[in-house]
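Visitor: The structure is given below, and queries will be raised subsequently.
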Amino acid sequence: MRETTFQSSHSNRRWSVLIGSLALFLLWMLTPFDRAAGQKISGRNLASPEITEAEQRLADLGYWTGPVDGVLDAASKHALIAFQKVEERRRTGILTAAELEALRSASRPEPRDQTYAHIEVDLKRQVLLVVDAEGIVTRVLPVCTGNEQFYMDQGQRHRAHTPRGQFTVTRKINGWRRSTLGLLYYPSYLVNGIAIHGSQSIMTYPASHGCIRIPMFAAKEFSEMAPVGMLVVVYDD
């Protein structure tokens, strides 16, 4: 009888440990995760009015966001990531109370050159700035550029390098363009096949073959904003 009681008690403890472990795992999974930093993110969920405030603040600061409607859609998340890059915060794309507070006290990004209309690509921060004739940054997008790794294309070895310097948009393609390395959406070419183009793969770190990837939602309008002859300045310092 004691043996039966012991086995039953031992089994109950095993089930208790299993259920407790499962509960902890589910709690861990439901907590937002910063994949770049490998850390969990603490903070409460924001209410719709706070999300609307964050979206409006992003738009006011020049970040290219989606509709200001209290719904943090893909476009708004890209805008938030661009903000986190510019402000050197963790690149999570997750709106927390801390991010909202940072937005409230932030200033509009400033370009390197304020004397003429042009495009700037900051490789260090991985952002693109649209600068108007008054030297004001009117749009900010996150980008994904060359990761400097070697790759093979049509039997030849290349380095995934995004060139630095001053360039002009030399030609454009409306819609999709299929290259040997994949699809480009509304590409604006700068030099040697390097283009600013829409992509479905926008990492928070350099990961392209050398092109300057921008989010899909902005690609068509950006192409219209950057005509042939538009100056593009690419830098990393």
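We label chains A, B, ... in the order they appear in the structure tokens, count residues from 1 in each chain, and number ligands from 1 in the order shown.
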Please provide the set of residues having any atom within 12 Å of Phe222 in chain A, restricted to only C-alpha atoms, with same-chain residues fewer than 3 positions apart removed, written as number ranges by chain.
Guide: A: 64, 119, 128-130, 138-141, 172, 174, 185-188, 196-198, 213-219, 225-227, 230
Visitor: Can you write out the residues you just picked, keeping N, CA and C atoms, as a PDB file, in the first residue's frame?
Guide:
```pdb
ATOM      1  N   TRP A  64       8.717  57.674 -42.410  1.00  0.00           N
ATOM      2  CA  TRP A  64       7.725  57.250 -43.402  1.00  0.00           C
ATOM      3  C   TRP A  64       6.877  56.146 -42.795  1.00  0.00           C
ATOM      4  N   ILE A 119      19.229  62.686 -51.745  1.00  0.00           N
ATOM      5  CA  ILE A 119      18.979  61.491 -50.939  1.00  0.00           C
ATOM      6  C   ILE A 119      20.259  61.146 -50.190  1.00  0.00           C
ATOM      7  N   LEU A 128      17.726  55.633 -44.790  1.00  0.00           N
ATOM      8  CA  LEU A 128      17.730  56.508 -45.967  1.00  0.00           C
ATOM      9  C   LEU A 128      16.969  57.776 -45.610  1.00  0.00           C
ATOM     10  N   LEU A 129      17.539  58.939 -45.970  1.00  0.00           N
ATOM     11  CA  LEU A 129      16.927  60.231 -45.693  1.00  0.00           C
ATOM     12  C   LEU A 129      16.600  60.936 -47.005  1.00  0.00           C
ATOM     13  N   VAL A 130      15.367  61.391 -47.134  1.00  0.00           N
ATOM     14  CA  VAL A 130      14.972  62.222 -48.266  1.00  0.00           C
ATOM     15  C   VAL A 130      15.056  63.671 -47.801  1.00  0.00           C
ATOM     16  N   THR A 138      12.468  65.112 -45.056  1.00  0.00           N
ATOM     17  CA  THR A 138      11.019  64.953 -45.184  1.00  0.00           C
ATOM     18  C   THR A 138      10.578  63.504 -45.033  1.00  0.00           C
ATOM     19  N   ARG A 139      11.456  62.554 -45.309  1.00  0.00           N
ATOM     20  CA  ARG A 139      11.123  61.146 -45.167  1.00  0.00           C
ATOM     21  C   ARG A 139      12.351  60.378 -44.662  1.00  0.00           C
ATOM     22  N   VAL A 140      12.105  59.403 -43.810  1.00  0.00           N
ATOM     23  CA  VAL A 140      13.170  58.530 -43.315  1.00  0.00           C
ATOM     24  C   VAL A 140      12.689  57.085 -43.468  1.00  0.00           C
ATOM     25  N   LEU A 141      13.522  56.252 -44.071  1.00  0.00           N
ATOM     26  CA  LEU A 141      13.200  54.841 -44.249  1.00  0.00           C
ATOM     27  C   LEU A 141      14.328  53.975 -43.693  1.00  0.00           C
ATOM     28  N   LYS A 172      15.711  53.900 -64.303  1.00  0.00           N
ATOM     29  CA  LYS A 172      14.680  53.384 -63.413  1.00  0.00           C
ATOM     30  C   LYS A 172      13.847  52.334 -64.155  1.00  0.00           C
ATOM     31  N   ASN A 174       9.923  50.616 -63.746  1.00  0.00           N
ATOM     32  CA  ASN A 174       8.652  50.589 -63.048  1.00  0.00           C
ATOM     33  C   ASN A 174       8.213  49.153 -62.802  1.00  0.00           C
ATOM     34  N   TYR A 185      11.947  45.585 -56.815  1.00  0.00           N
ATOM     35  CA  TYR A 185      10.694  46.299 -57.024  1.00  0.00           C
ATOM     36  C   TYR A 185      10.965  47.786 -57.179  1.00  0.00           C
ATOM     37  N   TYR A 186      10.577  48.334 -58.336  1.00  0.00           N
ATOM     38  CA  TYR A 186      10.801  49.740 -58.676  1.00  0.00           C
ATOM     39  C   TYR A 186      12.250  50.155 -58.416  1.00  0.00           C
ATOM     40  N   PRO A 187      13.221  49.488 -59.056  1.00  0.00           N
ATOM     41  CA  PRO A 187      14.625  49.845 -58.811  1.00  0.00           C
ATOM     42  C   PRO A 187      15.009  51.190 -59.437  1.00  0.00           C
ATOM     43  N   SER A 188      15.806  51.947 -58.689  1.00  0.00           N
ATOM     44  CA  SER A 188      16.431  53.171 -59.183  1.00  0.00           C
ATOM     45  C   SER A 188      17.941  52.929 -59.160  1.00  0.00           C
ATOM     46  N   ILE A 196      18.596  51.311 -55.562  1.00  0.00           N
ATOM     47  CA  ILE A 196      17.682  51.443 -54.425  1.00  0.00           C
ATOM     48  C   ILE A 196      16.375  50.805 -54.881  1.00  0.00           C
ATOM     49  N   HIS A 197      15.915  49.795 -54.175  1.00  0.00           N
ATOM     50  CA  HIS A 197      14.718  49.093 -54.656  1.00  0.00           C
ATOM     51  C   HIS A 197      13.916  48.511 -53.502  1.00  0.00           C
ATOM     52  N   GLY A 198      12.650  48.284 -53.755  1.00  0.00           N
ATOM     53  CA  GLY A 198      11.788  47.655 -52.774  1.00  0.00           C
ATOM     54  C   GLY A 198      12.129  46.184 -52.630  1.00  0.00           C
ATOM     55  N   ARG A 213      18.170  48.144 -50.119  1.00  0.00           N
ATOM     56  CA  ARG A 213      16.785  47.690 -50.034  1.00  0.00           C
ATOM     57  C   ARG A 213      15.970  48.655 -49.176  1.00  0.00           C
ATOM     58  N   ILE A 214      14.746  48.926 -49.636  1.00  0.00           N
ATOM     59  CA  ILE A 214      13.802  49.715 -48.848  1.00  0.00           C
ATOM     60  C   ILE A 214      12.498  48.923 -48.743  1.00  0.00           C
ATOM     61  N   PRO A 215      11.634  49.245 -47.778  1.00  0.00           N
ATOM     62  CA  PRO A 215      10.381  48.509 -47.623  1.00  0.00           C
ATOM     63  C   PRO A 215       9.501  48.599 -48.872  1.00  0.00           C
ATOM     64  N   MET A 216       8.762  47.541 -49.130  1.00  0.00           N
ATOM     65  CA  MET A 216       7.914  47.457 -50.307  1.00  0.00           C
ATOM     66  C   MET A 216       6.883  48.576 -50.377  1.00  0.00           C
ATOM     67  N   PHE A 217       6.271  48.913 -49.249  1.00  0.00           N
ATOM     68  CA  PHE A 217       5.168  49.868 -49.267  1.00  0.00           C
ATOM     69  C   PHE A 217       5.583  51.237 -49.777  1.00  0.00           C
ATOM     70  N   ALA A 218       6.885  51.564 -49.655  1.00  0.00           N
ATOM     71  CA  ALA A 218       7.371  52.889 -50.030  1.00  0.00           C
ATOM     72  C   ALA A 218       8.053  52.916 -51.392  1.00  0.00           C
ATOM     73  N   ALA A 219       8.282  51.764 -52.007  1.00  0.00           N
ATOM     74  CA  ALA A 219       9.137  51.690 -53.187  1.00  0.00           C
ATOM     75  C   ALA A 219       8.599  52.488 -54.373  1.00  0.00           C
ATOM     76  N   MET A 225       9.678  60.017 -56.352  1.00  0.00           N
ATOM     77  CA  MET A 225      10.322  61.147 -55.677  1.00  0.00           C
ATOM     78  C   MET A 225      11.785  61.308 -56.077  1.00  0.00           C
ATOM     79  N   ALA A 226      12.370  60.272 -56.672  1.00  0.00           N
ATOM     80  CA  ALA A 226      13.802  60.285 -57.006  1.00  0.00           C
ATOM     81  C   ALA A 226      13.981  60.103 -58.513  1.00  0.00           C
ATOM     82  N   PRO A 227      13.776  61.145 -59.297  1.00  0.00           N
ATOM     83  CA  PRO A 227      13.872  61.033 -60.754  1.00  0.00           C
ATOM     84  C   PRO A 227      15.314  60.806 -61.219  1.00  0.00           C
ATOM     85  N   MET A 230      18.687  62.612 -59.865  1.00  0.00           N
ATOM     86  CA  MET A 230      18.672  62.935 -58.433  1.00  0.00           C
ATOM     87  C   MET A 230      19.999  62.499 -57.787  1.00  0.00           C
TER      88      MET A 230
END
```
Visitor: So which residues touch Leu231 in chain A within 9 Å, counting only C-alpha atoms, skipping near sequence neighbours fewer than 5 positions away, as a VMD selection string?
Guide: chain A and resid 117 to 120 166 to 169 226
Visitor: Within range 27-142 of chain A, find each residue whose DSSP state, derived from the backbone, is strand (DSSP E), and express the selection as a PyMOL selection string.
Guide: chain A and resi 33-34+39-40+118-122+127-131+137-142
Visitor: Calculated over only C-alpha atoms, which of the candidates A:Ala59, A:Leu184, A:Ala74, A:Gly135 has the smallest distance to Gln114 in chain A?
Guide: A:Gly135
Visitor: What's the 10 Å shell around Pro163 in chain A, counting only C-alpha atoms, without same-chain residues fewer than 2 positions away, as a list in words?
Guide: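 The contact residues come out as Leu123, Thr145, Gly146, Ala160, His161, Gly165, Gln166, Phe167, Leu190, Val191, Asn192, Ile194, Gly210, Cys211, Val234, Tyr235 and Asp236 of chain A.
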Visitor: Okay, now the selection with N, CA, C and O atoms, as a PDB file, in the first residue's frame?
Guide:
```pdb
ATOM      1  N   LEU A 123      24.955  54.262 -44.016  1.00  0.00           N
ATOM      2  CA  LEU A 123      25.200  52.824 -43.889  1.00  0.00           C
ATOM      3  C   LEU A 123      25.400  52.399 -42.445  1.00  0.00           C
ATOM      4  O   LEU A 123      25.046  51.272 -42.066  1.00  0.00           O
ATOM      5  N   THR A 145      21.551  47.055 -46.523  1.00  0.00           N
ATOM      6  CA  THR A 145      22.598  47.206 -47.538  1.00  0.00           C
ATOM      7  C   THR A 145      23.574  46.025 -47.515  1.00  0.00           C
ATOM      8  O   THR A 145      23.382  45.058 -46.794  1.00  0.00           O
ATOM      9  N   GLY A 146      24.640  46.138 -48.316  1.00  0.00           N
ATOM     10  CA  GLY A 146      25.589  45.037 -48.484  1.00  0.00           C
ATOM     11  C   GLY A 146      26.261  44.611 -47.189  1.00  0.00           C
ATOM     12  O   GLY A 146      26.674  45.458 -46.389  1.00  0.00           O
ATOM     13  N   ALA A 160      29.589  41.394 -51.397  1.00  0.00           N
ATOM     14  CA  ALA A 160      28.330  42.120 -51.218  1.00  0.00           C
ATOM     15  C   ALA A 160      28.628  43.508 -50.653  1.00  0.00           C
ATOM     16  O   ALA A 160      28.465  43.766 -49.453  1.00  0.00           O
ATOM     17  N   HIS A 161      29.045  44.405 -51.525  1.00  0.00           N
ATOM     18  CA  HIS A 161      29.524  45.728 -51.110  1.00  0.00           C
ATOM     19  C   HIS A 161      28.607  46.818 -51.642  1.00  0.00           C
ATOM     20  O   HIS A 161      28.268  46.839 -52.827  1.00  0.00           O
ATOM     21  N   GLY A 165      30.003  57.177 -51.567  1.00  0.00           N
ATOM     22  CA  GLY A 165      30.307  58.319 -52.414  1.00  0.00           C
ATOM     23  C   GLY A 165      29.060  59.025 -52.900  1.00  0.00           C
ATOM     24  O   GLY A 165      27.956  58.802 -52.391  1.00  0.00           O
ATOM     25  N   GLN A 166      29.235  59.897 -53.915  1.00  0.00           N
ATOM     26  CA  GLN A 166      28.135  60.636 -54.508  1.00  0.00           C
ATOM     27  C   GLN A 166      27.768  60.014 -55.851  1.00  0.00           C
ATOM     28  O   GLN A 166      28.633  59.783 -56.694  1.00  0.00           O
ATOM     29  N   PHE A 167      26.492  59.766 -56.036  1.00  0.00           N
ATOM     30  CA  PHE A 167      25.992  59.150 -57.263  1.00  0.00           C
ATOM     31  C   PHE A 167      24.746  59.895 -57.712  1.00  0.00           C
ATOM     32  O   PHE A 167      24.204  60.726 -56.978  1.00  0.00           O
ATOM     33  N   LEU A 190      22.007  53.244 -59.512  1.00  0.00           N
ATOM     34  CA  LEU A 190      23.025  54.249 -59.209  1.00  0.00           C
ATOM     35  C   LEU A 190      24.318  53.979 -59.972  1.00  0.00           C
ATOM     36  O   LEU A 190      24.825  54.854 -60.675  1.00  0.00           O
ATOM     37  N   VAL A 191      24.878  52.769 -59.805  1.00  0.00           N
ATOM     38  CA  VAL A 191      26.161  52.454 -60.433  1.00  0.00           C
ATOM     39  C   VAL A 191      26.358  50.937 -60.459  1.00  0.00           C
ATOM     40  O   VAL A 191      26.042  50.243 -59.496  1.00  0.00           O
ATOM     41  N   ASN A 192      26.835  50.418 -61.574  1.00  0.00           N
ATOM     42  CA  ASN A 192      27.221  49.011 -61.700  1.00  0.00           C
ATOM     43  C   ASN A 192      26.169  48.018 -61.181  1.00  0.00           C
ATOM     44  O   ASN A 192      26.482  47.076 -60.472  1.00  0.00           O
ATOM     45  N   ILE A 194      23.993  48.484 -58.947  1.00  0.00           N
ATOM     46  CA  ILE A 194      23.540  48.784 -57.588  1.00  0.00           C
ATOM     47  C   ILE A 194      22.332  49.718 -57.672  1.00  0.00           C
ATOM     48  O   ILE A 194      22.380  50.754 -58.336  1.00  0.00           O
ATOM     49  N   GLY A 210      24.478  44.124 -52.012  1.00  0.00           N
ATOM     50  CA  GLY A 210      25.093  45.410 -52.329  1.00  0.00           C
ATOM     51  C   GLY A 210      24.075  46.491 -52.635  1.00  0.00           C
ATOM     52  O   GLY A 210      24.353  47.683 -52.484  1.00  0.00           O
ATOM     53  N   CYS A 211      22.885  46.075 -53.084  1.00  0.00           N
ATOM     54  CA  CYS A 211      21.822  47.043 -53.335  1.00  0.00           C
ATOM     55  C   CYS A 211      21.329  47.651 -52.020  1.00  0.00           C
ATOM     56  O   CYS A 211      21.587  47.126 -50.933  1.00  0.00           O
ATOM     57  N   VAL A 234      26.011  58.358 -50.342  1.00  0.00           N
ATOM     58  CA  VAL A 234      26.096  57.158 -49.514  1.00  0.00           C
ATOM     59  C   VAL A 234      27.349  57.265 -48.647  1.00  0.00           C
ATOM     60  O   VAL A 234      28.450  57.483 -49.165  1.00  0.00           O
ATOM     61  N   TYR A 235      27.174  57.120 -47.334  1.00  0.00           N
ATOM     62  CA  TYR A 235      28.322  57.259 -46.426  1.00  0.00           C
ATOM     63  C   TYR A 235      28.173  56.306 -45.253  1.00  0.00           C
ATOM     64  O   TYR A 235      27.083  55.798 -44.963  1.00  0.00           O
ATOM     65  N   ASP A 236      29.286  56.087 -44.550  1.00  0.00           N
ATOM     66  CA  ASP A 236      29.264  55.185 -43.396  1.00  0.00           C
ATOM     67  C   ASP A 236      30.015  55.744 -42.198  1.00  0.00           C
ATOM     68  O   ASP A 236      30.367  55.008 -41.277  1.00  0.00           O
TER      69      ASP A 236
END
```
Visitor: Please report the interatomic distance between CA of Gly62 in chain A and CA of Gln84 in chain A in Å with one decimal.
Guide: 13.4 Å
Visitor: At what distance in Å, to one decimal, does CA of Ser48 in chain A lie from CA of Gly70 in chain A?
Guide: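 Going from CA of Gly70 in chain A over to CA of Ser48 in chain A covers 4.8 Å.
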Visitor: Show which residues sit within 12 Å of Glu87 in chain A, as a list in words. Count only C-alpha atoms, and ignore same-chain residues fewer than 6 positions away.
Guide: Leu80, Ile81, Glu99, Ala102, Leu103, Ser105, Ala106, Ser107, Arg108, Pro109, Glu110, Arg125, Gln126 and Val127 of chain A
Visitor: As a VMD selection string, please: every residue in range 47-168 of chain A that DSSP puts in alpha helix (DSSP H).
Guide: chain A and resid 48 to 60 74 to 86 97 to 105
Visitor: Record the distance separating CA of Thr52 in chain A and CA of Glu134 in chain A, expressed in Å with one decimal.
Guide: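 Separation of CA of Thr52 in chain A and CA of Glu134 in chain A: 28.8 Å.
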Visitor: So which one's closest to Val228 in chain A, A:Thr170, A:Leu100, A:Leu181, A:Arg90? Using only C-alpha atoms, please.
Guide: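 The closest residue to Val228 in chain A is A:Thr170.
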